[in-house]
Amino acid sequence: MTEITCKLLVIGAGPGGYVCAIRAGQLGIDTVIVESTKLGGTCLNVGCIPSKAMIHVAEEFEKAAHAAAGKTPFGLTAAEPKLDLKQAVAWKDGIVQRLNNGVAALLRKAKVKIVHGQARFRDGKTVAVETETGPKVIKAETIVIATGSVPVELPFLPFGGNVISSTGALALSELPKRLVVVGGGYIGLELGTAFAKLGAKVTVVEAQDKILPLYDAELTAPVAKSLSALGVEVLTSAKALGPTAKGDGLRIETADGKERELQADKILVTVGRAPATAKLGLDELVLDMDGRFIRIGERCETSMRGIYAIGDVTGEPMLAHRAMAQGEMVAEIVAGEPRIWDKTCIPAICFTDPEIVSAGLSPVEAKAAGFETKLGQFPFQANGRAMTRHGEAGFVRVVARADNHLVLGIQAVGQGVSELSAAFGLAIEMGARLEDIAGTIHAHPTLGEAFQESALKALGHALHI
């Protein structure tokens with residue numbers, strides 16, 4: 001049995017883990033990283049990156065279909081498009097492989113040792129790893145748990161056959177004619193929208209009384225309108241019960257309490273994600289937990305000295321960029337730098353049609369926190385760039401304190417607004433006030449002008465509405 005000793009062991013090479021290891025290597029820390037599958041984790045391999053690739057394929061197909069049908073307002077026509085889904089998946093896989101190789105190169109550049117295999121704790125300083133070449137034992141002064149999350153499986157709809165997770169949806173070689181999506185959160189709607197644009201008949205089943213329950217009705221209304229235009233049937237306050245007797249669809253209970261059968265070639269279950277800790281041997285440790293998640297402090301430390309946890313295993317928000325920031329911070333803490341988690345906001349994005357961005361507090365959250373607020377909202381119907389390219393649906397909204405105009409939150413819905421998320425996050429992180437945003441010259445014509453105009457609106461003197 002091979003034995004390895006190091007100062008820092010990172011378990012999991014997803015966005016949080018590999019960033020932690022790279023930063024630690026840059027700081028001269030003797031670092032080992034263990035990954036049971038592919039470098040890059042869920043986000044790179046079966047989540048963020050491949051889903052955005054397939055969303056792009058769907059958008060391009062829809063544009064071509066509209067041109068073929070003569071539905072473009074500017075007179076563009078084209079032949080009827082055809083999609084080779086196998087080729088699209090191969091293109092997506094090629095992007096993923098290039099990024100895999102990039103992560104490996106960055107780890108090597110930082111002099112991080114990579115071990116492929118399943119890690120399991122023996123104690124707070126020792127981990128056993130089953131690798132293809134035999135077992136290895138790694139002893140480390142400090143260990144970071146960064147194993148991410150996995151799709152939640154419903155006991156009455158186990159994955160297999162025509163019941164698939166988001167991972168399975170991104171690997172399909174044939175387009176399902178009828179797709180039922182269980183769960184109206186961002187994962188279900190992103191993929192459901194993509195398949196609808198490619199020609200599938202999509203039905204969304206959501207247990208709560210609205211889609212995207214974490215966002216307010218103003219932000220989700222344009223998404224609901226787009227789903228309707230695509231022919232997607234959305235059933236809210238509906239519960240999935242299990243497969244049909246013939247196994248050719250899904251039984252549900254509708255809002256009025258009646259049972260209904262939905263025919264489906266595939267049933268996509270997207271009801272959340274759970275921490276990937278089942279194989280880690282956490283019973284060998286004494287960690288404080290928050291339900292299924294590992295409890296951490298402001299430095300991502302656990303209840304055991306020398307063990308940190310980052311990313312999805314620590315709970316919401318389960319976002320890759322949060323994990324990356326935590327990983328960088330922990331590496332610097334291990335190197336002796338004085339760091340704590342003091343992020344003012346973490347932008348969240350739904351890559352639906354149209355996209356949604358939320359940074360900081362919503363109007364409801366600001367009120368609940370006891371703030372008197374000023375709101376400024378500017379519609380894309382009055383934005384030249386949106387009108388000429390991106391589509392006029394949606395708006396930018398700024399939430400600020402009424403007394404000193406400190407910006408508390410920024411939200412937007414519209415085509416391409418994901419690219420505004422950095423500006424939103426930076427404004428809040430830097431403590432911007434309405435006057436700072438309104439007084440910053442925004443390039444014309446861009447979607448970003450709507451950000452400036454929303455601040456002007458909150459100050460009472462919008463220029464273009």
# chains A, B, ... in the order shown; residues from 1 in each chain; ligands from 1
call {"tool": "residues_around", "arguments": {"residues": "segment 121-129 of chain A", "least_positions_apart": "3", "cutoff": "10 Å", "atoms": "only C-alpha atoms", "output": "ChimeraX atom specification"}}
result
/A:1-5,9,11,34-36,115-118,132,134-143,279-286,304-307
call {"tool": "write_last_selection", "arguments": {"atoms": "N, CA and C atoms", "output": "compact mmCIF listing (two decimals), in the first residue's frame"}}
result
# COMPACT_ATOMS: atom_id res chain seq x y z
N MET A 1 0.84 -1.19 0.00
CA MET A 1 0.00 0.00 0.00
C MET A 1 0.88 1.25 0.00
N THR A 2 0.65 2.16 -0.96
CA THR A 2 1.44 3.38 -1.07
C THR A 2 0.97 4.40 -0.05
N GLU A 3 1.91 5.07 0.60
CA GLU A 3 1.57 6.11 1.56
C GLU A 3 2.11 7.45 1.08
N ILE A 4 1.25 8.48 1.12
CA ILE A 4 1.61 9.83 0.68
C ILE A 4 1.42 10.77 1.85
N THR A 5 2.34 11.67 2.07
CA THR A 5 2.17 12.70 3.09
C THR A 5 2.19 14.06 2.41
N LEU A 9 -4.53 18.32 1.75
CA LEU A 9 -5.25 17.36 0.91
C LEU A 9 -6.61 17.94 0.58
N ILE A 11 -10.15 17.02 -1.19
CA ILE A 11 -10.96 15.90 -1.68
C ILE A 11 -12.05 16.45 -2.57
N VAL A 34 -7.62 14.77 -4.69
CA VAL A 34 -8.19 13.47 -5.02
C VAL A 34 -9.53 13.67 -5.72
N GLU A 35 -9.73 12.99 -6.81
CA GLU A 35 -10.99 13.08 -7.55
C GLU A 35 -11.42 11.68 -7.98
N SER A 36 -12.70 11.35 -7.72
CA SER A 36 -13.18 10.00 -8.02
C SER A 36 -13.62 9.84 -9.47
N VAL A 115 -4.48 12.57 -7.60
CA VAL A 115 -4.75 11.16 -7.34
C VAL A 115 -6.18 10.86 -7.75
N HIS A 116 -6.36 9.89 -8.66
CA HIS A 116 -7.70 9.53 -9.12
C HIS A 116 -8.19 8.31 -8.32
N GLY A 117 -9.34 8.48 -7.68
CA GLY A 117 -9.90 7.38 -6.90
C GLY A 117 -10.90 7.89 -5.88
N GLN A 118 -11.55 6.95 -5.20
CA GLN A 118 -12.55 7.28 -4.19
C GLN A 118 -11.88 7.42 -2.83
N GLU A 132 -6.94 2.80 -9.43
CA GLU A 132 -6.83 1.71 -10.39
C GLU A 132 -5.55 0.90 -10.18
N GLY A 134 -4.24 0.36 -7.21
CA GLY A 134 -4.18 -0.16 -5.84
C GLY A 134 -4.47 0.92 -4.82
N PRO A 135 -4.61 0.50 -3.56
CA PRO A 135 -4.96 1.46 -2.50
C PRO A 135 -3.79 2.37 -2.15
N LYS A 136 -4.15 3.62 -1.80
CA LYS A 136 -3.17 4.59 -1.32
C LYS A 136 -3.68 5.18 -0.01
N VAL A 137 -2.77 5.50 0.87
CA VAL A 137 -3.11 6.18 2.13
C VAL A 137 -2.46 7.55 2.10
N ILE A 138 -3.26 8.58 2.35
CA ILE A 138 -2.75 9.95 2.33
C ILE A 138 -2.88 10.54 3.73
N LYS A 139 -1.76 11.00 4.27
CA LYS A 139 -1.75 11.67 5.57
C LYS A 139 -1.49 13.15 5.33
N ALA A 140 -2.35 14.00 5.89
CA ALA A 140 -2.25 15.43 5.64
C ALA A 140 -2.42 16.24 6.92
N GLU A 141 -1.74 17.37 6.97
CA GLU A 141 -1.92 18.27 8.11
C GLU A 141 -3.30 18.91 8.07
N THR A 142 -3.75 19.26 6.86
CA THR A 142 -5.04 19.93 6.67
C THR A 142 -5.78 19.25 5.53
N ILE A 143 -7.10 19.08 5.71
CA ILE A 143 -7.93 18.44 4.68
C ILE A 143 -9.11 19.36 4.35
N LYS A 279 -19.95 8.36 0.39
CA LYS A 279 -18.81 7.44 0.33
C LYS A 279 -17.57 7.95 1.06
N LEU A 280 -17.71 9.07 1.76
CA LEU A 280 -16.54 9.71 2.37
C LEU A 280 -16.13 9.11 3.71
N GLY A 281 -17.04 8.35 4.33
CA GLY A 281 -16.73 7.82 5.64
C GLY A 281 -16.78 8.89 6.72
N LEU A 282 -17.75 9.79 6.64
CA LEU A 282 -17.85 10.86 7.63
C LEU A 282 -18.15 10.34 9.03
N ASP A 283 -18.62 9.08 9.12
CA ASP A 283 -18.86 8.49 10.44
C ASP A 283 -17.56 8.27 11.22
N GLU A 284 -16.42 8.37 10.54
CA GLU A 284 -15.13 8.27 11.22
C GLU A 284 -14.72 9.60 11.84
N LEU A 285 -15.48 10.65 11.53
CA LEU A 285 -15.19 11.99 12.04
C LEU A 285 -16.26 12.42 13.01
N VAL A 286 -16.04 13.55 13.64
CA VAL A 286 -17.04 14.14 14.54
C VAL A 286 -17.32 15.55 14.03
N MET A 304 -14.04 20.21 13.43
CA MET A 304 -12.80 19.49 13.72
C MET A 304 -11.60 20.31 13.23
N ARG A 305 -10.64 20.51 14.09
CA ARG A 305 -9.46 21.28 13.74
C ARG A 305 -8.73 20.63 12.57
N GLY A 306 -8.35 21.46 11.61
CA GLY A 306 -7.61 20.97 10.46
C GLY A 306 -8.46 20.43 9.33
N ILE A 307 -9.80 20.48 9.48
CA ILE A 307 -10.69 20.04 8.40
C ILE A 307 -11.59 21.19 7.99
call {"tool": "select_by_dssp", "arguments": {"residues": "segment 201-336 of chain A", "states": "helix (DSSP H, G or I)", "output": "PyMOL selection string"}}
result
chain A and resi 217-229+282-284+311-314+320-334
call {"tool": "closest_residue", "arguments": {"among": "A:Leu250, A:Leu170, A:Ile465, A:Ala90", "to": "Ile267 of chain A", "atoms": "only C-alpha atoms"}}
result
A:Leu250
call {"tool": "residues_around", "arguments": {"residues": "segment 357-369 of chain A", "least_positions_apart": "6", "cutoff": "6 Å", "atoms": "only C-alpha atoms", "output": "PyMOL selection string"}}
result
chain A and resi 345+347-349+408-412
call {"tool": "residues_around", "arguments": {"residues": "Ala200 of chain A", "least_positions_apart": "4", "cutoff": "7 Å", "atoms": "only C-alpha atoms", "output": "compact mmCIF listing (two decimals) with N, CA and C atoms, in the first residue's frame"}}
result
# COMPACT_ATOMS: atom_id res chain seq x y z
N LEU A 175 -33.53 13.08 -29.57
CA LEU A 175 -34.43 14.04 -28.96
C LEU A 175 -35.74 13.36 -28.56
N PRO A 176 -36.13 13.43 -27.29
CA PRO A 176 -37.42 12.84 -26.91
C PRO A 176 -38.57 13.65 -27.50
N LYS A 177 -39.55 12.95 -28.06
CA LYS A 177 -40.69 13.67 -28.62
C LYS A 177 -41.53 14.31 -27.52
N ARG A 178 -41.62 13.59 -26.37
CA ARG A 178 -42.41 14.10 -25.24
C ARG A 178 -41.54 14.04 -23.99
N LEU A 179 -41.33 15.18 -23.35
CA LEU A 179 -40.50 15.26 -22.17
C LEU A 179 -41.30 15.86 -21.02
N PHE A 195 -34.94 21.84 -24.71
CA PHE A 195 -35.56 20.73 -25.44
C PHE A 195 -36.81 21.18 -26.20
N ALA A 196 -37.55 22.13 -25.62
CA ALA A 196 -38.72 22.66 -26.32
C ALA A 196 -38.31 23.39 -27.60
call {"tool": "residues_around", "arguments": {"residues": "His461 of chain A", "least_positions_apart": "5", "cutoff": "12 Å", "atoms": "only C-alpha atoms", "output": "ChimeraX atom specification"}}
result
/A:376-378,434-435,438,452-456
call {"tool": "select_by_dssp", "arguments": {"residues": "segment 208-435 of chain A", "states": "strand (DSSP E or B)", "output": "PyMOL selection string"}}
result
chain A and resi 233-235+239-243+249-253+259-263+266-269+273-275+289-290+293-294+301+307-309+348-350+355-360+373-379+395-401+406-414+433
call {"tool": "closest_atom_pairs", "arguments": {"of": "segment 110-214 of chain A", "to": "segment 231-239 of chain A", "cutoff": "9 Å", "atoms": "only C-alpha atoms", "output": "tab-separated table"}}
result
residue	atom	partner	partner_atom	distance
A:Val182	CA	A:Lys239	CA	8.7
A:Gly184	CA	A:Thr236	CA	8.4
A:Gly192	CA	A:Val232	CA	8.3
A:Thr193	CA	A:Val232	CA	7.9
A:Ala196	CA	A:Val232	CA	7.0
A:Lys201	CA	A:Val232	CA	6.9
A:Val202	CA	A:Val232	CA	5.1
A:Thr203	CA	A:Glu233	CA	4.6
A:Val204	CA	A:Val234	CA	4.8
A:Val205	CA	A:Leu235	CA	5.0
A:Glu206	CA	A:Thr236	CA	4.8
A:Ala207	CA	A:Ser237	CA	4.6
A:Gln208	CA	A:Ser237	CA	4.8
A:Asp209	CA	A:Ser237	CA	4.7
A:Lys210	CA	A:Thr236	CA	5.8
A:Ile211	CA	A:Thr236	CA	7.2
call {"tool": "closest_residue", "arguments": {"among": "A:Ser149, A:Ser165, A:Thr254, A:Thr446", "to": "Glu316 of chain A", "atoms": "only C-alpha atoms"}}
result
A:Ser149
call {"tool": "atom_distance", "arguments": {"atom1": "atom CA of Ile187 of chain A", "atom2": "atom CA of Val271 of chain A"}}
result
8.7 Å
call {"tool": "residues_around", "arguments": {"residues": "Leu99 of chain A", "least_positions_apart": "5", "cutoff": "9 Å", "atoms": "only C-alpha atoms", "output": "PyMOL selection string"}}
result
chain A and resi 39-40+44-45+94+104
call {"tool": "write_last_selection", "arguments": {"atoms": "C-alpha atoms", "output": "PDB file, in the first residue's frame"}}
result
ATOM      1  CA  LEU A  39     -11.389  16.839 -13.047  1.00  0.00           C
ATOM      2  CA  GLY A  40     -13.765  19.778 -13.024  1.00  0.00           C
ATOM      3  CA  LEU A  44     -17.579  21.337 -15.847  1.00  0.00           C
ATOM      4  CA  ASN A  45     -18.559  17.789 -16.814  1.00  0.00           C
ATOM      5  CA  GLY A  94     -15.253  18.352 -26.957  1.00  0.00           C
ATOM      6  CA  ALA A 104      -5.144  19.276 -15.314  1.00  0.00           C
TER       7      ALA A 104
END
call {"tool": "residues_around", "arguments": {"residues": "Ala240 of chain A", "least_positions_apart": "2", "cutoff": "7 Å", "atoms": "only C-alpha atoms", "output": "PDB file with C-alpha atoms, in the first residue's frame"}}
result
ATOM      1  CA  ALA A 238     -49.035  19.587  -9.004  1.00  0.00           C
ATOM      2  CA  GLY A 242     -44.896   7.830 -10.004  1.00  0.00           C
ATOM      3  CA  ARG A 251     -48.898  10.000 -12.940  1.00  0.00           C
ATOM      4  CA  ILE A 252     -49.522  13.323 -11.223  1.00  0.00           C
ATOM      5  CA  GLU A 253     -52.005  14.908  -8.851  1.00  0.00           C
TER       6      GLU A 253
END
call {"tool": "closest_residue", "arguments": {"among": "A:Ile145, A:Ala21, A:Leu268, A:Val413", "to": "Leu172 of chain A", "atoms": "only C-alpha atoms"}}
result
A:Leu268
call {"tool": "atom_distance", "arguments": {"atom1": "atom CA of Thr133 of chain A", "atom2": "atom CA of Val32 of chain A"}}
result
17.0 Å
